[in-house]
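As stored in upload-v8.txt (compact mmCIF, C-alpha atoms):
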```txt
# COMPACT_ATOMS: atom_id res chain seq x y z
CA MET A 386 0.00 0.00 0.00
CA THR A 387 1.35 3.41 -0.95
CA PRO A 388 2.10 5.56 2.12
CA PRO A 389 -0.08 8.67 2.45
CA LYS A 390 1.38 12.04 1.70
CA PRO A 391 2.14 14.06 4.82
CA PRO A 392 0.08 17.06 5.90
CA PHE A 393 1.23 20.56 5.02
CA ARG A 394 2.51 19.35 1.63
CA SER A 395 3.92 22.78 0.91
CA LEU A 396 6.26 22.50 3.92
CA ARG A 397 9.56 20.92 2.94
CA LEU A 398 10.23 20.31 6.61
CA MET A 399 8.05 17.18 6.49
CA GLU A 400 10.37 15.68 3.89
CA ARG A 401 13.53 16.20 5.98
CA PRO A 402 13.71 13.21 8.36
CA TYR A 403 17.00 14.15 10.00
CA LEU A 404 15.80 17.65 10.88
CA LEU A 405 12.45 16.29 12.06
CA LEU A 406 14.15 13.78 14.36
CA CYS A 407 16.58 16.39 15.73
CA LEU A 408 13.67 18.69 16.61
CA THR A 409 11.85 15.76 18.21
CA MET A 410 14.78 15.01 20.50
CA LEU A 411 15.12 18.70 21.38
CA PHE A 412 11.48 18.80 22.48
CA TRP A 413 11.79 15.51 24.40
CA ALA A 414 14.92 16.71 26.18
CA GLY A 415 12.90 19.68 27.36
CA ASN A 416 10.18 17.29 28.47
CA ILE A 417 12.55 15.43 30.80
CA VAL A 418 13.77 18.70 32.32
CA ILE A 419 10.22 20.05 32.62
CA GLY A 420 8.91 16.73 33.94
CA ARG A 421 11.48 16.74 36.71
CA TYR A 422 10.82 20.43 37.46
CA ALA A 423 7.07 19.79 37.68
CA ALA A 424 7.47 16.74 39.94
CA GLY A 425 6.67 18.72 43.08
CA GLN A 426 3.94 20.86 41.51
CA ILE A 427 1.87 18.69 39.16
CA PRO A 428 1.05 15.07 40.09
CA PRO A 429 2.22 12.59 37.42
CA MET A 430 -1.21 11.34 36.32
CA ALA A 431 -2.50 14.90 36.03
CA LEU A 432 0.54 15.93 33.98
CA SER A 433 0.17 12.97 31.65
CA TYR A 434 -3.61 13.23 31.19
CA LEU A 435 -3.73 17.02 30.76
CA ARG A 436 -0.78 16.87 28.38
CA TRP A 437 -2.53 14.50 25.97
CA GLN A 438 -6.04 15.88 26.38
CA LEU A 439 -4.78 19.38 25.60
CA ALA A 440 -2.79 18.01 22.65
CA PHE A 441 -5.94 16.26 21.37
CA LEU A 442 -8.04 19.41 21.68
CA THR A 443 -5.32 21.41 19.92
CA LEU A 444 -5.13 18.92 17.06
CA LEU A 445 -8.83 18.20 16.61
CA PRO A 446 -9.82 21.31 14.58
CA PHE A 447 -6.98 20.63 12.14
CA ALA A 448 -7.38 16.85 12.04
CA TRP A 449 -11.19 16.55 11.92
CA SER A 450 -11.55 16.25 8.15
CA ASP A 451 -8.67 13.75 7.99
CA LEU A 452 -10.22 11.70 10.81
CA VAL A 453 -13.55 11.54 8.98
CA GLU A 454 -11.85 10.48 5.76
CA ASP A 455 -9.60 7.90 7.45
CA TRP A 456 -12.25 6.53 9.82
CA PRO A 457 -13.13 3.44 7.71
CA VAL A 458 -9.47 2.35 7.77
CA ILE A 459 -9.17 3.12 11.50
CA ARG A 460 -12.33 1.14 12.27
CA GLN A 461 -11.10 -1.87 10.29
CA ASN A 462 -7.78 -1.80 12.17
CA LEU A 463 -8.98 -0.70 15.58
CA GLY A 464 -6.88 -3.27 17.48
CA PRO A 465 -3.43 -2.13 16.25
CA MET A 466 -4.44 1.53 16.62
CA ILE A 467 -5.50 1.01 20.23
CA VAL A 468 -2.23 -0.82 20.96
CA LEU A 469 -0.26 2.14 19.56
CA SER A 470 -2.31 4.57 21.67
CA PHE A 471 -1.88 2.48 24.82
CA THR A 472 1.88 2.02 24.45
CA GLY A 473 3.09 5.22 22.78
CA VAL A 474 0.85 7.67 24.62
CA ALA A 475 -0.71 6.21 27.77
CA THR A 476 1.91 3.81 29.16
CA PHE A 477 5.13 5.44 27.94
CA ASN A 478 4.35 8.94 29.15
CA THR A 479 2.43 8.16 32.32
CA LEU A 480 5.03 5.72 33.58
CA GLY A 481 7.76 8.16 32.58
CA TYR A 482 6.27 11.01 34.63
CA TRP A 483 5.68 8.69 37.58
CA SER A 484 9.32 7.58 37.42
CA LEU A 485 10.55 11.18 37.41
CA GLN A 486 8.89 11.62 40.81
CA TYR A 487 11.51 9.27 42.28
CA THR A 488 14.59 9.45 40.09
CA THR A 489 16.84 12.29 38.98
CA ALA A 490 17.12 13.90 35.56
CA LEU A 491 20.70 12.56 35.45
CA ASN A 492 19.58 8.97 35.94
CA ALA A 493 16.76 9.40 33.41
CA LEU A 494 19.21 10.72 30.81
CA LEU A 495 21.62 7.88 31.56
CA LEU A 496 18.88 5.29 31.13
CA GLN A 497 17.68 7.08 28.00
CA SER A 498 20.90 6.02 26.30
CA SER A 499 19.59 2.45 26.13
CA GLY A 500 16.57 3.51 24.06
CA PRO A 501 17.97 2.59 20.60
CA LEU A 502 18.74 -0.93 21.80
CA TYR A 503 15.07 -1.58 22.66
CA VAL A 504 13.96 -0.22 19.29
CA ALA A 505 16.41 -2.57 17.56
CA LEU A 506 15.22 -5.49 19.70
CA PHE A 507 11.55 -5.06 18.79
CA ALA A 508 12.31 -4.36 15.13
CA LEU A 509 14.07 -7.74 15.09
CA VAL A 510 11.43 -9.63 17.09
CA LEU A 511 8.37 -8.19 15.33
CA PHE A 512 9.58 -7.74 11.76
CA ASN A 513 12.93 -9.55 11.55
CA VAL A 514 14.65 -6.25 10.72
CA ARG A 515 18.29 -6.50 11.76
CA LEU A 516 20.71 -3.72 12.53
CA THR A 517 23.38 -3.30 9.91
CA TRP A 518 26.99 -3.31 11.08
CA MET A 519 27.19 0.44 10.45
CA GLN A 520 24.02 1.08 12.44
CA ALA A 521 25.34 -0.97 15.36
CA PHE A 522 28.71 0.81 15.17
CA GLY A 523 27.02 4.21 15.09
CA ILE A 524 24.88 3.36 18.11
CA VAL A 525 27.97 2.30 20.07
CA ILE A 526 29.84 5.50 19.14
CA SER A 527 26.92 7.74 20.08
CA LEU A 528 26.41 5.76 23.30
CA MET A 529 30.04 6.47 24.24
CA GLY A 530 29.33 10.16 23.67
CA VAL A 531 26.25 10.06 25.90
CA LEU A 532 28.20 8.38 28.70
CA THR A 533 31.04 10.90 28.32
CA ILE A 534 28.63 13.78 28.86
CA ILE A 535 26.65 12.23 31.71
CA LEU A 536 29.68 10.85 33.57
CA GLN A 537 31.66 14.05 32.94
CA GLY A 538 34.46 12.04 31.40
CA ARG A 539 35.04 10.07 34.63
CA LEU A 540 34.25 6.35 34.84
CA SER A 541 34.42 6.69 38.62
CA ALA A 542 31.19 8.72 38.42
CA LEU A 543 29.37 5.42 37.81
CA LEU A 544 30.01 4.55 41.46
CA GLN A 545 28.16 7.69 42.57
CA ILE A 546 24.95 6.85 40.72
CA HIS A 547 22.26 5.23 42.84
CA PHE A 548 19.21 3.55 41.33
CA ASN A 549 15.73 3.29 42.82
CA LYS A 550 12.18 2.31 41.84
CA GLY A 551 11.96 5.36 39.60
CA ASP A 552 14.87 4.04 37.57
CA ILE A 553 13.19 0.66 37.19
CA GLY A 554 10.03 2.42 36.05
CA TYR A 555 11.95 4.53 33.55
CA THR A 556 13.65 1.42 32.15
CA VAL A 557 10.24 -0.17 31.58
CA THR A 558 9.17 3.10 29.96
CA LEU A 559 11.97 2.86 27.40
CA PHE A 560 11.16 -0.82 26.79
CA VAL A 561 7.55 0.13 25.97
CA PHE A 562 8.68 2.97 23.73
CA GLY A 563 10.94 0.60 21.82
CA PHE A 564 7.88 -1.52 21.07
CA TYR A 565 5.89 1.54 19.98
CA SER A 566 8.68 2.79 17.71
CA ALA A 567 9.05 -0.54 15.93
CA LEU A 568 5.29 -0.94 15.52
CA ALA A 569 4.76 2.67 14.38
CA SER A 570 7.27 2.14 11.57
CA ARG A 571 4.75 -0.27 10.00
CA ARG A 572 1.66 1.78 10.78
CA LEU A 573 -1.41 1.97 8.58
CA ALA A 574 -1.67 4.25 5.57
CA LEU A 575 -3.28 7.10 7.49
CA LYS A 576 -2.77 10.81 7.28
CA GLN A 577 -0.38 12.14 9.88
CA LEU A 578 -2.88 14.34 11.69
CA SER A 579 -5.61 11.71 11.94
CA PHE A 580 -3.11 9.12 13.18
CA LEU A 581 -1.78 11.44 15.88
CA ALA A 582 -5.19 12.82 16.90
CA PHE A 583 -6.56 9.30 17.36
CA ASN A 584 -3.55 8.31 19.48
CA CYS A 585 -3.83 11.44 21.64
CA GLY A 586 -7.57 11.06 22.17
CA VAL A 587 -7.64 7.33 22.89
CA GLY A 588 -4.38 7.44 24.85
CA SER A 589 -5.78 10.12 27.16
CA LEU A 590 -8.85 7.94 27.79
CA PHE A 591 -6.58 5.20 29.14
CA ILE A 592 -5.00 7.71 31.53
CA LEU A 593 -8.32 9.23 32.67
CA PRO A 594 -9.13 6.61 35.38
CA LEU A 595 -5.67 7.08 36.92
CA PHE A 596 -6.12 10.86 36.83
CA LEU A 597 -9.50 10.60 38.57
CA TRP A 598 -8.08 8.22 41.17
CA GLU A 599 -5.21 10.64 41.81
CA MET A 600 -7.65 13.49 42.41
CA TYR A 601 -9.74 11.24 44.67
CA THR A 602 -6.67 10.69 46.86
CA GLY A 603 -6.28 14.45 47.26
CA ARG A 604 -3.54 15.19 44.73
CA VAL A 605 -5.11 18.08 42.85
CA THR A 606 -3.29 20.33 40.38
CA SER A 607 -3.42 24.07 40.98
CA LEU A 608 -3.45 26.23 37.86
CA ASN A 609 -1.07 29.12 38.42
CA ALA A 610 1.84 30.99 36.84
CA HIS A 611 4.13 27.98 37.38
CA THR A 612 1.91 25.12 36.20
CA ILE A 613 0.14 26.69 33.20
CA PRO A 614 3.36 27.27 31.17
CA VAL A 615 4.41 23.67 31.91
CA LEU A 616 1.10 22.30 30.62
CA VAL A 617 1.25 24.48 27.51
CA TYR A 618 4.80 23.35 26.75
CA VAL A 619 4.17 19.61 27.22
CA ALA A 620 0.95 19.74 25.17
CA ILE A 621 2.48 21.51 22.17
CA PHE A 622 6.16 20.62 21.88
CA PRO A 623 6.91 17.09 23.23
CA SER A 624 3.40 15.91 22.36
CA THR A 625 1.82 17.42 19.25
CA LEU A 626 4.92 18.50 17.34
CA ALA A 627 7.38 15.87 18.58
CA TYR A 628 5.10 12.91 17.84
CA LEU A 629 4.11 14.35 14.47
CA PHE A 630 7.79 14.75 13.60
CA TYR A 631 8.88 11.42 15.09
CA ASN A 632 6.18 9.39 13.35
CA ARG A 633 7.03 11.05 10.05
CA GLY A 634 10.76 10.52 10.61
CA ILE A 635 10.46 6.78 11.18
CA GLU A 636 8.04 6.56 8.25
CA LEU A 637 10.73 8.04 6.00
CA ILE A 638 13.86 6.21 7.19
CA GLY A 639 12.65 3.35 9.44
CA ALA A 640 12.83 2.61 13.15
CA ASN A 641 16.44 1.38 13.31
CA ARG A 642 17.88 4.39 11.49
CA SER A 643 15.75 6.75 13.59
CA ALA A 644 16.60 5.18 16.97
CA PRO A 645 20.16 6.58 17.33
CA PHE A 646 18.69 10.09 17.35
CA LEU A 647 17.46 9.28 20.88
CA HIS A 648 21.06 9.81 21.96
CA LEU A 649 20.63 13.50 21.12
CA ILE A 650 18.31 13.90 24.11
CA PRO A 651 21.16 14.01 26.69
CA VAL A 652 23.09 16.32 24.36
CA PHE A 653 20.25 18.81 24.13
CA GLY A 654 19.55 18.37 27.84
CA SER A 655 23.10 19.35 28.76
CA VAL A 656 23.02 22.28 26.35
CA MET A 657 19.85 23.50 28.07
CA ALA A 658 21.58 23.22 31.43
CA ILE A 659 24.50 25.28 30.14
CA GLY A 660 22.34 27.89 28.42
CA LEU A 661 19.47 28.19 30.89
CA LEU A 662 20.99 27.21 34.22
CA GLY A 663 24.40 28.78 33.78
CA GLU A 664 26.39 25.55 34.01
CA GLU A 665 29.92 25.66 32.60
CA LEU A 666 30.99 24.18 29.27
CA HIS A 667 33.78 21.61 29.76
CA LEU A 668 35.99 19.57 27.47
CA TYR A 669 33.99 16.42 28.16
CA HIS A 670 30.90 18.18 26.77
CA ILE A 671 32.67 18.89 23.49
CA VAL A 672 34.08 15.36 23.23
CA GLY A 673 30.68 13.86 24.06
CA TYR A 674 28.86 16.04 21.54
CA ALA A 675 31.33 15.08 18.82
CA LEU A 676 30.94 11.36 19.54
CA VAL A 677 27.14 11.51 19.64
CA PHE A 678 26.83 13.43 16.39
CA ALA A 679 29.37 11.19 14.68
CA GLY A 680 27.52 8.08 15.84
CA VAL A 681 24.14 9.42 14.74
CA VAL A 682 25.47 10.30 11.29
CA ILE A 683 27.00 6.84 10.88
CA ALA A 684 23.93 4.95 12.12
CA ALA A 685 21.37 7.01 10.24
CA ARG A 686 22.99 6.66 6.82
CA LYS A 687 20.98 4.75 4.27
CA PRO A 688 22.44 1.25 3.80
CA LYS A 689 23.96 0.58 0.40
CA GLN A 690 21.84 -1.57 -1.84
CA ALA A 691 23.34 -4.97 -2.56
```
Reformat the file's structure so that it appears as structure tokens.
Amino acid sequence: MTPPKPPFRSLRLMERPYLLLCLTMLFWAGNIVIGRYAAGQIPPMALSYLRWQLAFLTLLPFAWSDLVEDWPVIRQNLGPMIVLSFTGVATFNTLGYWSLQYTTALNALLLQSSGPLYVALFALVLFNVRLTWMQAFGIVISLMGVLTIILQGRLSALLQIHFNKGDIGYTVTLFVFGFYSALASRRLALKQLSFLAFNCGVGSLFILPLFLWEMYTGRVTSLNAHTIPVLVYVAIFPSTLAYLFYNRGIELIGANRSAPFLHLIPVFGSVMAIGLLGEELHLYHIVGYALVFAGVVIAARKPKQA
């Protein structure tokens, strides 16, 4: 079946997978920082539910006509669509926010480096798609760069990292996202906006009972000058735009070639810390950035045809 043309056909951005994936990782890096910042202000179920419900309401006016047109295909393939909504929206994000209540941004970024390995695992198990030697080499190189940044160039820093239940939860989160990424690479021939709007709407329904239970236990979100900007950011950038870009990126170049871009999240996260929090730029940052970018370029290259 011929893949559908992307929305906004006049925008060349939607035909540039590398740029789309870089922007996705930038938005997701901000999501980890924001998620950790919001841990004491917005309960995790509220943050997850409001994020996706706001994203759905933002998308709906633009996606309505596409949803109506694509509905027969969605209805015929309701099972796979619900699985994508449950894994990529409900489970991945809700468990991620819950985990950030107990772990640190440092640990989350360290665990994030294993993300491409889970994508490769599920691509192999589900579709028998194997990593090429160059993809594997690129992932290893970029992983070395991630560890250089996070460990500040010191292997001894590994001894100072302590793991807890939040880290276990975040590991499961990445495992689920690996499944979603592999499955989304073979998604149905739907328009981008209808695919994303369905995922946001149905995914938020899965989170709704947990959100209501959280409020019942007394954990209520106050809307104020601190929480409203957080909700606006997570609804627009790491949700609407990032998932639109990520889904289009893996549609264009596949899950395995897209996965190494996940290693850009710690890079962008450290750049944010330097630019926004006034942290100093060190040599290990530069070395780590160089390794990550080199690894991503190597792994994302299109394999030569035999």
Counting only C-alpha atoms, the residue of A:Gly603, A:Gly425, A:Pro501, A:Gly660 that sits nearest Arg642 of chain A: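 Answer, going by the shortest atom-to-atom distance: A:Pro501.
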Contacts of Gly415 of chain A at 9 Å (all atoms listed in the file; same-chain gap of 4+ positions) as a list in words: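 The residues that qualify are Met410, Leu411, Ile419, Gly420, Tyr618, Val619, Phe622, Pro623, Ile650, Phe653, Gly654 and Met657 of chain A.
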Who sits within 10 Å of segment 516-523 of chain A, only C-alpha atoms, same chain under 6 positions skipped, as a list in words: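 The contact residues come out as Pro501, Leu502, Ala505, Leu506, Ala508, Leu509, Met529, Asn641, Arg642, Ala644, Pro645, Leu676, Val677, Phe678, Ala679, Gly680, Val681, Val682, Ile683, Ala684, Ala685, Arg686, Lys687 and Pro688 of chain A.
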Restrict the selected residues to C-alpha atoms and save them as a PDB file, keeping the file's coordinate frame.
```
ATOM      1  CA  PRO A 501      17.970   2.590  20.600  1.00  0.00           C
ATOM      2  CA  LEU A 502      18.740  -0.930  21.800  1.00  0.00           C
ATOM      3  CA  ALA A 505      16.410  -2.570  17.560  1.00  0.00           C
ATOM      4  CA  LEU A 506      15.220  -5.490  19.700  1.00  0.00           C
ATOM      5  CA  ALA A 508      12.310  -4.360  15.130  1.00  0.00           C
ATOM      6  CA  LEU A 509      14.070  -7.740  15.090  1.00  0.00           C
ATOM      7  CA  MET A 529      30.040   6.470  24.240  1.00  0.00           C
ATOM      8  CA  ASN A 641      16.440   1.380  13.310  1.00  0.00           C
ATOM      9  CA  ARG A 642      17.880   4.390  11.490  1.00  0.00           C
ATOM     10  CA  ALA A 644      16.600   5.180  16.970  1.00  0.00           C
ATOM     11  CA  PRO A 645      20.160   6.580  17.330  1.00  0.00           C
ATOM     12  CA  LEU A 676      30.940  11.360  19.540  1.00  0.00           C
ATOM     13  CA  VAL A 677      27.140  11.510  19.640  1.00  0.00           C
ATOM     14  CA  PHE A 678      26.830  13.430  16.390  1.00  0.00           C
ATOM     15  CA  ALA A 679      29.370  11.190  14.680  1.00  0.00           C
ATOM     16  CA  GLY A 680      27.520   8.080  15.840  1.00  0.00           C
ATOM     17  CA  VAL A 681      24.140   9.420  14.740  1.00  0.00           C
ATOM     18  CA  VAL A 682      25.470  10.300  11.290  1.00  0.00           C
ATOM     19  CA  ILE A 683      27.000   6.840  10.880  1.00  0.00           C
ATOM     20  CA  ALA A 684      23.930   4.950  12.120  1.00  0.00           C
ATOM     21  CA  ALA A 685      21.370   7.010  10.240  1.00  0.00           C
ATOM     22  CA  ARG A 686      22.990   6.660   6.820  1.00  0.00           C
ATOM     23  CA  LYS A 687      20.980   4.750   4.270  1.00  0.00           C
ATOM     24  CA  PRO A 688      22.440   1.250   3.800  1.00  0.00           C
TER      25      PRO A 688
END
```
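Using only C-alpha atoms, the smallest distance between any of A:Ala448, A:Leu491, A:Ala610, A:Leu597 and Ala658 of chain A comes from A:Leu491.
Separating atom CA of Leu559 of chain A from atom CA of Trp483 of chain A is a distance of 13.3 Å.
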Residues near segment 576-582 of chain A, cut-off 12 Å, all atoms listed in the file, skip fewer than 6 positions along chain, as an mmCIF file with C-alpha atoms, keeping the file's coordinate frame:
```cif
data_model
loop_
_atom_site.group_PDB
_atom_site.id
_atom_site.type_symbol
_atom_site.label_atom_id
_atom_site.label_comp_id
_atom_site.auth_asym_id
_atom_site.auth_seq_id
_atom_site.Cartn_x
_atom_site.Cartn_y
_atom_site.Cartn_z
ATOM 1 C CA THR A 387 1.350 3.410 -0.950
ATOM 2 C CA PRO A 388 2.100 5.560 2.120
ATOM 3 C CA PRO A 389 -0.080 8.670 2.450
ATOM 4 C CA LYS A 390 1.380 12.040 1.700
ATOM 5 C CA PRO A 391 2.140 14.060 4.820
ATOM 6 C CA PRO A 392 0.080 17.060 5.900
ATOM 7 C CA PHE A 393 1.230 20.560 5.020
ATOM 8 C CA ARG A 394 2.510 19.350 1.630
ATOM 9 C CA MET A 399 8.050 17.180 6.490
ATOM 10 C CA TRP A 437 -2.530 14.500 25.970
ATOM 11 C CA GLN A 438 -6.040 15.880 26.380
ATOM 12 C CA LEU A 439 -4.780 19.380 25.600
ATOM 13 C CA ALA A 440 -2.790 18.010 22.650
ATOM 14 C CA PHE A 441 -5.940 16.260 21.370
ATOM 15 C CA LEU A 442 -8.040 19.410 21.680
ATOM 16 C CA THR A 443 -5.320 21.410 19.920
ATOM 17 C CA LEU A 444 -5.130 18.920 17.060
ATOM 18 C CA LEU A 445 -8.830 18.200 16.610
ATOM 19 C CA PRO A 446 -9.820 21.310 14.580
ATOM 20 C CA PHE A 447 -6.980 20.630 12.140
ATOM 21 C CA ALA A 448 -7.380 16.850 12.040
ATOM 22 C CA TRP A 449 -11.190 16.550 11.920
ATOM 23 C CA SER A 450 -11.550 16.250 8.150
ATOM 24 C CA ASP A 451 -8.670 13.750 7.990
ATOM 25 C CA LEU A 452 -10.220 11.700 10.810
ATOM 26 C CA VAL A 453 -13.550 11.540 8.980
ATOM 27 C CA GLU A 454 -11.850 10.480 5.760
ATOM 28 C CA ASP A 455 -9.600 7.900 7.450
ATOM 29 C CA TRP A 456 -12.250 6.530 9.820
ATOM 30 C CA PRO A 457 -13.130 3.440 7.710
ATOM 31 C CA VAL A 458 -9.470 2.350 7.770
ATOM 32 C CA ILE A 459 -9.170 3.120 11.500
ATOM 33 C CA ASN A 462 -7.780 -1.800 12.170
ATOM 34 C CA LEU A 463 -8.980 -0.700 15.580
ATOM 35 C CA PRO A 465 -3.430 -2.130 16.250
ATOM 36 C CA MET A 466 -4.440 1.530 16.620
ATOM 37 C CA ILE A 467 -5.500 1.010 20.230
ATOM 38 C CA LEU A 469 -0.260 2.140 19.560
ATOM 39 C CA SER A 470 -2.310 4.570 21.670
ATOM 40 C CA GLY A 473 3.090 5.220 22.780
ATOM 41 C CA VAL A 474 0.850 7.670 24.620
ATOM 42 C CA ALA A 569 4.760 2.670 14.380
ATOM 43 C CA GLY A 588 -4.380 7.440 24.850
ATOM 44 C CA SER A 589 -5.780 10.120 27.160
ATOM 45 C CA SER A 624 3.400 15.910 22.360
ATOM 46 C CA THR A 625 1.820 17.420 19.250
ATOM 47 C CA LEU A 626 4.920 18.500 17.340
ATOM 48 C CA ALA A 627 7.380 15.870 18.580
ATOM 49 C CA TYR A 628 5.100 12.910 17.840
ATOM 50 C CA LEU A 629 4.110 14.350 14.470
ATOM 51 C CA PHE A 630 7.790 14.750 13.600
ATOM 52 C CA TYR A 631 8.880 11.420 15.090
ATOM 53 C CA ASN A 632 6.180 9.390 13.350
ATOM 54 C CA ARG A 633 7.030 11.050 10.050
ATOM 55 C CA GLY A 634 10.760 10.520 10.610
ATOM 56 C CA GLU A 636 8.040 6.560 8.250
#
```
Pick from A:Phe596, A:Phe591, A:Trp413, A:Phe477 nearest to Leu647 of chain A, counting all atoms listed in the file: A:Trp413
Spatial neighbours of Leu480 of chain A, 12 Å, only C-alpha atoms, chain gap at least 3 places, as number ranges by chain: A: 420, 429-430, 432-434, 471-477, 483-487, 550-562, 592, 595
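Nearest-residue note for Ser498 of chain A: choosing from A:Ala424, A:Val652, A:Leu568, A:Ile613, the minimum distance belongs to A:Val652, counting all atoms listed in the file.
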Among the residues A:Arg436, A:Tyr403, A:Gly481, A:Ile417, the one that comes closest to Phe646 of chain A [using only C-alpha atoms]: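 Comparing A:Arg436, A:Tyr403, A:Gly481, A:Ile417 against Phe646 of chain A, the winner is A:Tyr403.
Proximity of A:Arg460, A:His547, A:Ala620, A:Tyr503 to Leu575 of chain A, computed with only C-alpha atoms, is greatest for A:Arg460.
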Between atom CA of His611 of chain A and atom CA of Pro594 of chain A, distance in Å (one decimal):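 Interatomic distance, atom CA of His611 of chain A to atom CA of Pro594 of chain A: 25.2 Å.
Interatomic distance, atom CA of Arg397 of chain A against atom CA of Ala640 of chain A: 21.2 Å.
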